[in-house]
>>> print(open('model-v3.csv').read())   # CSV, C-alpha atoms
chain,number,residue,atom,x,y,z
B,27,MET,CA,115.5,241.5,181.1
B,28,GLY,CA,113.6,238.5,179.9
B,29,LYS,CA,112.0,236.0,182.3
B,30,TYR,CA,113.7,233.0,180.7
B,31,PHE,CA,116.9,234.8,180.2
B,32,ASP,CA,117.1,235.4,184.0
B,33,LYS,CA,116.8,231.6,184.6
B,34,LEU,CA,119.3,230.8,181.8
B,35,ASN,CA,121.7,233.4,183.3
B,36,GLU,CA,121.7,231.4,186.5
B,37,TYR,CA,123.3,228.6,184.5
B,38,GLN,CA,125.8,231.0,183.1
B,39,GLU,CA,126.7,232.1,186.6
B,40,LYS,CA,127.2,228.5,187.8
B,41,ALA,CA,129.3,227.8,184.7
B,42,ALA,CA,131.5,230.9,185.5
B,43,ALA,CA,132.0,229.6,189.1
B,44,LEU,CA,132.9,226.1,187.8
B,45,THR,CA,135.3,227.6,185.3
B,46,ALA,CA,136.9,229.7,188.0
B,47,ALA,CA,137.4,226.6,190.2
B,48,MET,CA,138.9,224.6,187.2
B,49,ASN,CA,141.2,227.5,186.4
B,50,LEU,CA,142.4,227.6,190.1
B,51,PHE,CA,143.1,223.9,190.0
B,52,ASP,CA,145.1,224.4,186.8
B,53,TYR,CA,147.1,227.2,188.4
B,54,ASP,CA,147.7,225.3,191.5
B,55,THR,CA,148.9,222.3,189.5
B,56,GLN,CA,151.3,224.5,187.5
B,57,THR,CA,152.7,226.3,190.6
B,58,ASN,CA,152.9,224.2,193.7
B,59,SER,CA,150.8,221.0,193.6
B,60,LEU,CA,152.4,218.0,195.0
B,61,SER,CA,152.8,215.1,192.5
B,62,LYS,CA,150.9,212.8,194.9
B,63,ALA,CA,147.9,215.1,194.7
B,64,ASP,CA,147.8,215.1,190.9
B,65,LYS,CA,145.5,212.0,190.8
B,66,TYR,CA,143.0,213.7,193.1
B,67,THR,CA,143.2,217.0,191.3
B,68,SER,CA,142.5,215.4,188.0
B,69,LYS,CA,139.5,213.6,189.5
B,70,ALA,CA,138.2,216.8,191.0
B,71,MET,CA,138.6,218.5,187.6
B,72,GLY,CA,136.6,215.6,186.1
B,73,ILE,CA,133.8,216.1,188.6
B,74,LEU,CA,133.7,219.9,187.9
B,75,ALA,CA,133.8,219.3,184.2
B,76,ASP,CA,130.9,216.8,184.5
B,77,GLU,CA,128.9,219.5,186.2
B,78,TYR,CA,129.8,222.1,183.6
B,79,HIS,CA,128.9,219.7,180.8
B,80,GLY,CA,125.5,219.0,182.4
B,81,LEU,CA,124.7,222.7,182.8
B,82,PHE,CA,124.7,223.2,179.0
B,83,THR,CA,123.5,219.8,177.8
B,84,GLY,CA,120.7,218.9,180.2
B,85,LYS,CA,117.0,218.9,179.2
B,86,LYS,CA,116.3,221.9,181.5
B,87,ALA,CA,119.0,224.0,179.7
B,88,ALA,CA,117.7,222.9,176.3
B,89,ARG,CA,114.1,224.0,177.2
B,90,LEU,CA,115.4,227.3,178.7
B,91,ILE,CA,117.4,228.0,175.5
B,92,LYS,CA,114.3,227.3,173.4
B,93,LYS,CA,112.1,229.6,175.5
B,94,CYS,CA,114.8,232.3,175.7
B,95,MET,CA,115.1,232.1,171.9
B,96,ARG,CA,111.6,233.6,171.7
B,97,GLU,CA,112.6,236.5,173.9
B,98,TYR,CA,115.7,237.0,171.7
B,99,GLU,CA,113.8,236.9,168.5
B,100,ASN,CA,111.1,239.3,169.8
B,101,GLY,CA,113.7,241.8,170.8
B,102,GLY,CA,113.1,241.3,174.5
B,103,LEU,CA,116.8,241.1,175.4
B,104,THR,CA,119.4,243.9,175.8
B,105,ALA,CA,122.5,243.9,173.7
B,106,VAL,CA,124.5,242.4,176.6
B,107,GLU,CA,121.9,239.8,177.2
B,108,CYS,CA,121.9,238.9,173.5
B,109,ALA,CA,125.7,238.3,173.7
B,110,ILE,CA,125.4,236.1,176.8
B,111,PHE,CA,122.5,234.2,175.2
B,112,LYS,CA,124.6,233.6,172.0
B,113,GLN,CA,127.4,232.3,174.2
B,114,ASN,CA,125.0,229.9,175.9
B,115,ILE,CA,123.8,228.6,172.6
B,116,LYS,CA,127.4,228.1,171.4
B,117,LEU,CA,128.3,226.1,174.5
B,118,HIS,CA,125.1,224.1,174.2
B,119,ASN,CA,125.9,223.3,170.6
B,120,GLU,CA,129.5,222.4,171.3
B,121,LEU,CA,128.9,220.2,174.3
B,122,SER,CA,125.6,218.5,173.5
B,123,PRO,CA,127.0,216.0,171.0
B,124,ILE,CA,129.9,215.0,173.3
B,125,PRO,CA,129.1,212.2,175.7
B,126,ALA,CA,129.4,213.4,179.3
B,127,ASP,CA,131.7,210.5,180.4
B,128,GLU,CA,134.1,211.2,177.5
B,129,TYR,CA,134.1,215.0,178.2
B,130,ARG,CA,135.0,214.2,181.8
B,131,GLU,CA,137.8,211.8,180.8
B,132,PHE,CA,139.2,214.4,178.5
B,133,LYS,CA,139.2,217.1,181.2
B,134,GLU,CA,140.9,214.7,183.6
B,135,LEU,CA,143.5,214.0,181.0
B,136,THR,CA,144.1,217.7,180.3
B,137,SER,CA,144.4,218.3,184.1
B,138,LYS,CA,147.1,215.6,184.2
B,139,SER,CA,148.8,217.1,181.2
B,140,VAL,CA,149.5,220.4,183.0
B,141,LYS,CA,152.0,218.9,185.4
B,142,ILE,CA,153.6,216.9,182.6
B,143,TRP,CA,153.9,220.1,180.4
B,144,VAL,CA,155.5,222.0,183.3
B,145,SER,CA,158.1,219.3,183.8
B,146,ALA,CA,158.7,218.9,180.0
B,147,LYS,CA,159.2,222.6,179.6
B,148,LYS,CA,161.6,222.8,182.6
B,149,ASN,CA,163.5,219.8,181.2
B,150,LYS,CA,163.3,221.1,177.6
B,151,SER,CA,162.0,217.7,176.6
B,152,PHE,CA,159.2,217.7,174.1
B,153,ASP,CA,159.4,213.9,174.1
B,154,GLU,CA,158.2,214.0,177.8
B,155,PHE,CA,155.0,215.8,176.7
B,156,ALA,CA,154.4,214.2,173.3
B,157,PRO,CA,152.5,211.1,174.4
B,158,ILE,CA,149.9,213.0,176.4
B,159,LEU,CA,149.7,215.7,173.7
B,160,GLU,CA,148.9,213.0,171.2
B,161,GLU,CA,146.1,211.8,173.4
B,162,ILE,CA,144.7,215.3,173.8
B,163,VAL,CA,144.7,215.8,170.0
B,164,GLY,CA,143.0,212.4,169.6
B,165,TRP,CA,140.2,213.5,171.9
B,166,LYS,CA,139.9,216.9,170.1
B,167,ARG,CA,139.5,215.1,166.8
B,168,LYS,CA,137.0,212.7,168.2
B,169,PHE,CA,134.9,215.6,169.6
B,170,ALA,CA,135.1,217.4,166.3
B,171,GLY,CA,133.7,214.2,164.7
B,172,TYR,CA,130.7,214.4,167.1
B,173,ARG,CA,130.2,218.1,166.5
B,174,LYS,CA,130.6,218.4,162.8
B,175,LEU,CA,127.6,219.1,160.7
B,176,LYS,CA,126.7,217.1,157.6
B,177,GLY,CA,129.3,217.7,154.9
B,178,GLN,CA,131.5,219.7,157.3
B,179,LYS,CA,135.2,218.7,157.8
B,180,GLU,CA,136.5,218.0,161.3
B,181,TYR,CA,139.3,220.6,160.8
B,182,ASP,CA,136.7,223.3,160.0
B,183,VAL,CA,135.0,222.4,163.4
B,184,LEU,CA,138.3,222.8,165.2
B,185,LEU,CA,139.2,226.0,163.3
B,186,GLY,CA,135.8,227.4,164.1
B,187,ASP,CA,136.6,227.2,167.8
B,188,TYR,CA,139.3,229.8,167.4
B,189,GLU,CA,138.4,231.6,164.2
B,190,PRO,CA,134.6,231.3,163.9
B,191,ASP,CA,134.4,233.2,160.6
B,192,PHE,CA,136.9,231.1,158.8
B,193,ASP,CA,137.0,227.6,157.3
B,194,MET,CA,139.7,225.8,155.3
B,195,GLU,CA,138.4,227.1,152.0
B,196,LYS,CA,138.7,230.8,153.0
B,197,LEU,CA,142.1,230.2,154.6
B,198,ASP,CA,143.4,228.4,151.5
B,199,GLY,CA,142.4,231.4,149.4
B,200,ILE,CA,144.2,233.8,151.8
B,201,PHE,CA,147.3,231.6,151.8
B,202,GLU,CA,147.2,231.3,148.0
B,203,GLU,CA,147.1,235.1,147.7
B,204,ILE,CA,150.0,235.5,150.2
B,205,LYS,CA,152.0,232.9,148.3
B,206,ARG,CA,151.3,234.7,145.0
B,207,GLU,CA,152.3,238.1,146.4
B,208,VAL,CA,155.2,237.1,148.6
B,209,LEU,CA,157.1,234.4,146.6
B,210,PRO,CA,158.1,236.8,143.8
B,211,VAL,CA,159.6,239.1,146.4
B,212,VAL,CA,161.6,236.3,148.0
>>> encode(input="model-v3.csv", output="C-alpha coordinates")
Amino acid sequence: MGKYFDKLNEYQEKAAALTAAMNLFDYDTQTNSLSKADKYTSKAMGILADEYHGLFTGKKAARLIKKCMREYENGGLTAVECAIFKQNIKLHNELSPIPADEYREFKELTSKSVKIWVSAKKNKSFDEFAPILEEIVGWKRKFAGYRKLKGQKEYDVLLGDYEPDFDMEKLDGIFEEIKREVLPVV
(Lines of atoms letter the chains of each structure in order from A and count residues from 1; the text may use other names and numbers.)
(Lines give C-alpha, C1' and ligand atoms only; values in the text may rest on other atoms or scores of the structure.)
Protein backbone atom coordinates (compact mmCIF):
# COMPACT_ATOMS: atom_id res chain seq x y z
CA MET A 1 0.00 0.00 0.00
CA GLY A 2 1.32 3.41 -0.95
CA LYS A 3 1.87 6.09 1.67
CA TYR A 4 -0.18 8.67 -0.23
CA PHE A 5 -2.81 6.15 -1.21
CA ASP A 6 -3.42 5.46 2.50
CA LYS A 7 -4.13 9.16 3.07
CA LEU A 8 -6.30 9.40 -0.03
CA ASN A 9 -8.17 6.29 1.05
CA GLU A 10 -9.23 8.15 4.22
CA TYR A 11 -11.06 10.58 1.93
CA GLN A 12 -12.72 7.65 0.20
CA GLU A 13 -13.85 6.23 3.55
CA LYS A 14 -15.35 9.59 4.56
CA ALA A 15 -17.06 9.81 1.17
CA ALA A 16 -18.52 6.33 1.68
CA ALA A 17 -19.87 7.37 5.08
CA LEU A 18 -21.41 10.54 3.64
CA THR A 19 -22.93 8.55 0.77
CA ALA A 20 -24.42 6.07 3.23
CA ALA A 21 -25.95 8.92 5.25
CA MET A 22 -27.40 10.52 2.11
CA ASN A 23 -28.83 7.17 0.99
CA LEU A 24 -30.46 6.72 4.40
CA PHE A 25 -32.04 10.16 4.15
CA ASP A 26 -33.34 9.27 0.67
CA TYR A 27 -34.76 5.99 1.95
CA ASP A 28 -36.35 7.70 4.95
CA THR A 29 -37.89 10.32 2.68
CA GLN A 30 -39.36 7.63 0.44
CA THR A 31 -40.78 5.51 3.21
CA ASN A 32 -41.93 7.45 6.23
CA SER A 33 -40.66 11.00 6.43
CA LEU A 34 -43.22 13.53 7.53
CA SER A 35 -43.85 16.25 4.96
CA LYS A 36 -42.96 18.93 7.53
CA ALA A 37 -39.50 17.38 7.86
CA ASP A 38 -38.80 17.54 4.11
CA LYS A 39 -37.37 21.05 4.32
CA TYR A 40 -34.95 20.01 7.06
CA THR A 41 -34.05 16.76 5.34
CA SER A 42 -33.16 18.56 2.13
CA LYS A 43 -31.03 21.05 4.09
CA ALA A 44 -29.25 18.16 5.81
CA MET A 45 -28.68 16.56 2.40
CA GLY A 46 -27.23 19.84 1.19
CA ILE A 47 -24.80 19.97 4.11
CA LEU A 48 -23.72 16.37 3.51
CA ALA A 49 -23.36 17.03 -0.22
CA ASP A 50 -21.24 20.09 0.51
CA GLU A 51 -18.90 17.96 2.62
CA TYR A 52 -18.80 15.28 -0.08
CA HIS A 53 -17.99 17.84 -2.76
CA GLY A 54 -15.24 19.33 -0.61
CA LEU A 55 -13.60 15.95 -0.08
CA PHE A 56 -12.84 15.57 -3.76
CA THR A 57 -12.34 19.17 -4.83
CA GLY A 58 -10.25 20.67 -2.05
CA LYS A 59 -6.59 21.57 -2.44
CA LYS A 60 -5.51 18.79 -0.08
CA ALA A 61 -7.32 16.19 -2.16
CA ALA A 62 -5.81 17.56 -5.38
CA ARG A 63 -2.30 17.38 -3.87
CA LEU A 64 -2.89 13.86 -2.60
CA ILE A 65 -4.15 12.74 -5.99
CA LYS A 66 -1.07 14.19 -7.64
CA LYS A 67 1.27 12.45 -5.16
CA CYS A 68 -0.67 9.20 -5.37
CA MET A 69 -0.40 9.38 -9.17
CA ARG A 70 3.35 8.81 -8.79
CA GLU A 71 2.71 5.69 -6.71
CA TYR A 72 0.22 4.53 -9.34
CA GLU A 73 2.58 5.19 -12.26
CA ASN A 74 5.48 3.46 -10.47
CA GLY A 75 3.43 0.31 -9.83
CA GLY A 76 3.29 0.93 -6.10
CA LEU A 77 -0.41 0.15 -5.80
CA THR A 78 -2.23 -3.18 -5.82
CA ALA A 79 -4.95 -3.85 -8.40
CA VAL A 80 -7.66 -2.99 -5.86
CA GLU A 81 -5.87 0.22 -4.88
CA CYS A 82 -5.55 1.15 -8.56
CA ALA A 83 -9.31 0.75 -9.00
CA ILE A 84 -10.02 2.88 -5.91
CA PHE A 85 -7.51 5.49 -7.07
CA LYS A 86 -9.13 5.67 -10.51
CA GLN A 87 -12.52 6.20 -8.85
CA ASN A 88 -11.06 9.05 -6.79
CA ILE A 89 -9.68 10.68 -9.95
CA LYS A 90 -13.07 10.28 -11.66
CA LEU A 91 -14.90 11.92 -8.77
CA HIS A 92 -12.31 14.71 -8.57
CA ASN A 93 -12.65 15.40 -12.30
CA GLU A 94 -16.46 15.30 -12.19
CA LEU A 95 -16.90 17.49 -9.13
CA SER A 96 -14.06 20.02 -9.44
CA PRO A 97 -15.60 22.10 -12.24
CA ILE A 98 -18.93 22.37 -10.40
CA PRO A 99 -19.22 25.25 -7.92
CA ALA A 100 -19.85 23.93 -4.41
CA ASP A 101 -22.91 26.11 -3.80
CA GLU A 102 -24.54 24.90 -7.01
CA TYR A 103 -23.78 21.26 -6.20
CA ARG A 104 -25.35 21.73 -2.78
CA GLU A 105 -28.43 23.41 -4.26
CA PHE A 106 -28.78 20.55 -6.75
CA LYS A 107 -28.55 17.91 -4.02
CA GLU A 108 -31.16 19.76 -1.95
CA LEU A 109 -33.42 19.82 -4.99
CA THR A 110 -32.98 16.11 -5.68
CA SER A 111 -33.73 15.42 -2.02
CA LYS A 112 -37.00 17.35 -2.31
CA SER A 113 -37.78 15.54 -5.54
CA VAL A 114 -37.91 12.13 -3.86
CA LYS A 115 -41.07 12.93 -1.90
CA ILE A 116 -42.64 14.52 -4.98
CA TRP A 117 -41.78 11.44 -7.07
CA VAL A 118 -43.30 9.10 -4.47
CA SER A 119 -46.51 11.15 -4.45
CA ALA A 120 -46.64 11.45 -8.25
CA LYS A 121 -46.11 7.71 -8.65
CA LYS A 122 -48.83 6.95 -6.09
CA ASN A 123 -51.23 9.37 -7.82
CA LYS A 124 -50.15 8.21 -11.30
CA SER A 125 -49.54 11.86 -12.14
CA PHE A 126 -46.45 12.65 -14.18
CA ASP A 127 -47.60 16.29 -14.25
CA GLU A 128 -46.98 16.41 -10.49
CA PHE A 129 -43.33 15.43 -10.99
CA ALA A 130 -42.61 17.15 -14.32
CA PRO A 131 -41.67 20.62 -12.98
CA ILE A 132 -39.03 19.35 -10.56
CA LEU A 133 -37.75 16.88 -13.15
CA GLU A 134 -37.29 19.79 -15.54
CA GLU A 135 -35.24 21.59 -12.88
CA ILE A 136 -33.09 18.50 -12.28
CA VAL A 137 -32.42 18.08 -16.01
CA GLY A 138 -31.52 21.78 -16.20
CA TRP A 139 -28.96 21.35 -13.43
CA LYS A 140 -27.53 18.22 -15.09
CA ARG A 141 -27.11 20.12 -18.36
CA LYS A 142 -25.48 23.02 -16.56
CA PHE A 143 -23.05 20.67 -14.80
CA ALA A 144 -22.26 18.95 -18.10
CA GLY A 145 -21.39 22.38 -19.47
CA TYR A 146 -18.94 22.89 -16.62
CA ARG A 147 -17.42 19.44 -17.07
CA LYS A 148 -17.13 19.18 -20.83
CA LEU A 149 -13.73 19.26 -22.42
CA LYS A 150 -12.90 21.48 -25.35
CA GLY A 151 -14.82 20.27 -28.39
CA GLN A 152 -16.87 17.79 -26.36
CA LYS A 153 -20.66 17.81 -26.51
CA GLU A 154 -22.61 18.10 -23.28
CA TYR A 155 -24.60 14.98 -24.16
CA ASP A 156 -21.35 13.02 -24.43
CA VAL A 157 -20.45 14.15 -20.90
CA LEU A 158 -23.79 12.93 -19.58
CA LEU A 159 -23.61 9.72 -21.57
CA GLY A 160 -20.12 9.11 -20.17
CA ASP A 161 -21.55 9.08 -16.65
CA TYR A 162 -23.43 5.89 -17.49
CA GLU A 163 -21.57 4.45 -20.49
CA PRO A 164 -17.95 5.61 -20.19
CA ASP A 165 -16.80 3.91 -23.38
CA PHE A 166 -19.50 5.40 -25.59
CA ASP A 167 -20.19 8.75 -27.16
CA MET A 168 -22.86 9.95 -29.57
CA GLU A 169 -20.78 9.05 -32.61
CA LYS A 170 -20.34 5.42 -31.53
CA LEU A 171 -23.99 5.07 -30.57
CA ASP A 172 -25.16 6.63 -33.83
CA GLY A 173 -23.13 3.97 -35.65
CA ILE A 174 -24.67 1.19 -33.58
CA PHE A 175 -28.21 2.51 -34.13
CA GLU A 176 -27.60 2.89 -37.87
CA GLU A 177 -26.48 -0.73 -38.04
CA ILE A 178 -29.52 -1.87 -36.05
CA LYS A 179 -31.80 0.18 -38.30
CA ARG A 180 -30.18 -1.29 -41.41
CA GLU A 181 -30.58 -4.86 -40.12
CA VAL A 182 -33.97 -4.61 -38.41
CA LEU A 183 -36.03 -2.45 -40.78
CA PRO A 184 -35.97 -4.96 -43.64
CA VAL A 185 -37.25 -7.63 -41.24
CA VAL A 186 -40.09 -5.43 -40.00
>>> residues_around(input="model-v3.csv", residues="Ala126 (chain B)", least_positions_apart="4", cutoff="10 Å", atoms="all atoms listed in the file", output="list in words")
Ala75, Asp76, Glu77, Tyr78, His79, Gly80, Thr83, Leu121, Ser122, Arg130, Glu131 and Phe132 of chain B
>>> write_last_selection(input="model-v3.csv", atoms="C-alpha atoms", output="PDB file, in the coordinates of the input")
ATOM      1  CA  ALA B  75     133.800 219.300 184.200  1.00  0.00           C
ATOM      2  CA  ASP B  76     130.900 216.800 184.500  1.00  0.00           C
ATOM      3  CA  GLU B  77     128.900 219.500 186.200  1.00  0.00           C
ATOM      4  CA  TYR B  78     129.800 222.100 183.600  1.00  0.00           C
ATOM      5  CA  HIS B  79     128.900 219.700 180.800  1.00  0.00           C
ATOM      6  CA  GLY B  80     125.500 219.000 182.400  1.00  0.00           C
ATOM      7  CA  THR B  83     123.500 219.800 177.800  1.00  0.00           C
ATOM      8  CA  LEU B 121     128.900 220.200 174.300  1.00  0.00           C
ATOM      9  CA  SER B 122     125.600 218.500 173.500  1.00  0.00           C
ATOM     10  CA  ARG B 130     135.000 214.200 181.800  1.00  0.00           C
ATOM     11  CA  GLU B 131     137.800 211.800 180.800  1.00  0.00           C
ATOM     12  CA  PHE B 132     139.200 214.400 178.500  1.00  0.00           C
TER      13      PHE B 132
END
>>> atom_distance(input="model-v3.csv", atom1="CA of Gly164 (chain B)", atom2="CA of Lys85 (chain B)")
28.5 Å
>>> closest_residue(input="model-v3.csv", among="B:Lys166, B:Lys40, B:Lys29, B:Lys92", to="Glu107 (chain B)", atoms="all atoms listed in the file")
B:Lys29
>>> residues_around(input="model-v3.csv", residues="region 191-208 of chain B", least_positions_apart="5", cutoff="9 Å", atoms="all atoms listed in the file", output="list in words")
Lys179, Tyr181, Asp182, Val183, Leu185 and Gly186 of chain B
>>> write_last_selection(input="model-v3.csv", atoms="C-alpha atoms", output="PDB file, keeping the file's coordinate frame")
ATOM      1  CA  LYS B 179     135.200 218.700 157.800  1.00  0.00           C
ATOM      2  CA  TYR B 181     139.300 220.600 160.800  1.00  0.00           C
ATOM      3  CA  ASP B 182     136.700 223.300 160.000  1.00  0.00           C
ATOM      4  CA  VAL B 183     135.000 222.400 163.400  1.00  0.00           C
ATOM      5  CA  LEU B 185     139.200 226.000 163.300  1.00  0.00           C
ATOM      6  CA  GLY B 186     135.800 227.400 164.100  1.00  0.00           C
TER       7      GLY B 186
END
>>> residues_around(input="model-v3.csv", residues="Asn49 (chain B)", least_positions_apart="2", cutoff="12 Å", atoms="only C-alpha atoms", output="short mmCIF file (atom, residue, chain, number, x, y, z; two decimals) with C-alpha atoms, in the coordinates of the input")
data_model
loop_
_atom_site.label_atom_id
_atom_site.label_comp_id
_atom_site.auth_asym_id
_atom_site.auth_seq_id
_atom_site.Cartn_x
_atom_site.Cartn_y
_atom_site.Cartn_z
CA ALA B 42 131.50 230.90 185.50
CA ALA B 43 132.00 229.60 189.10
CA LEU B 44 132.90 226.10 187.80
CA THR B 45 135.30 227.60 185.30
CA ALA B 46 136.90 229.70 188.00
CA ALA B 47 137.40 226.60 190.20
CA PHE B 51 143.10 223.90 190.00
CA ASP B 52 145.10 224.40 186.80
CA TYR B 53 147.10 227.20 188.40
CA ASP B 54 147.70 225.30 191.50
CA THR B 55 148.90 222.30 189.50
CA GLN B 56 151.30 224.50 187.50
CA THR B 67 143.20 217.00 191.30
CA MET B 71 138.60 218.50 187.60
CA LEU B 74 133.70 219.90 187.90
CA ALA B 75 133.80 219.30 184.20
CA LYS B 133 139.20 217.10 181.20
CA THR B 136 144.10 217.70 180.30
CA SER B 137 144.40 218.30 184.10
CA VAL B 140 149.50 220.40 183.00
#
>>> closest_residue(input="model-v3.csv", among="B:Trp165, B:Trp143, B:Phe155, B:Tyr98", to="Tyr129 (chain B)", atoms="only C-alpha atoms")
B:Trp165
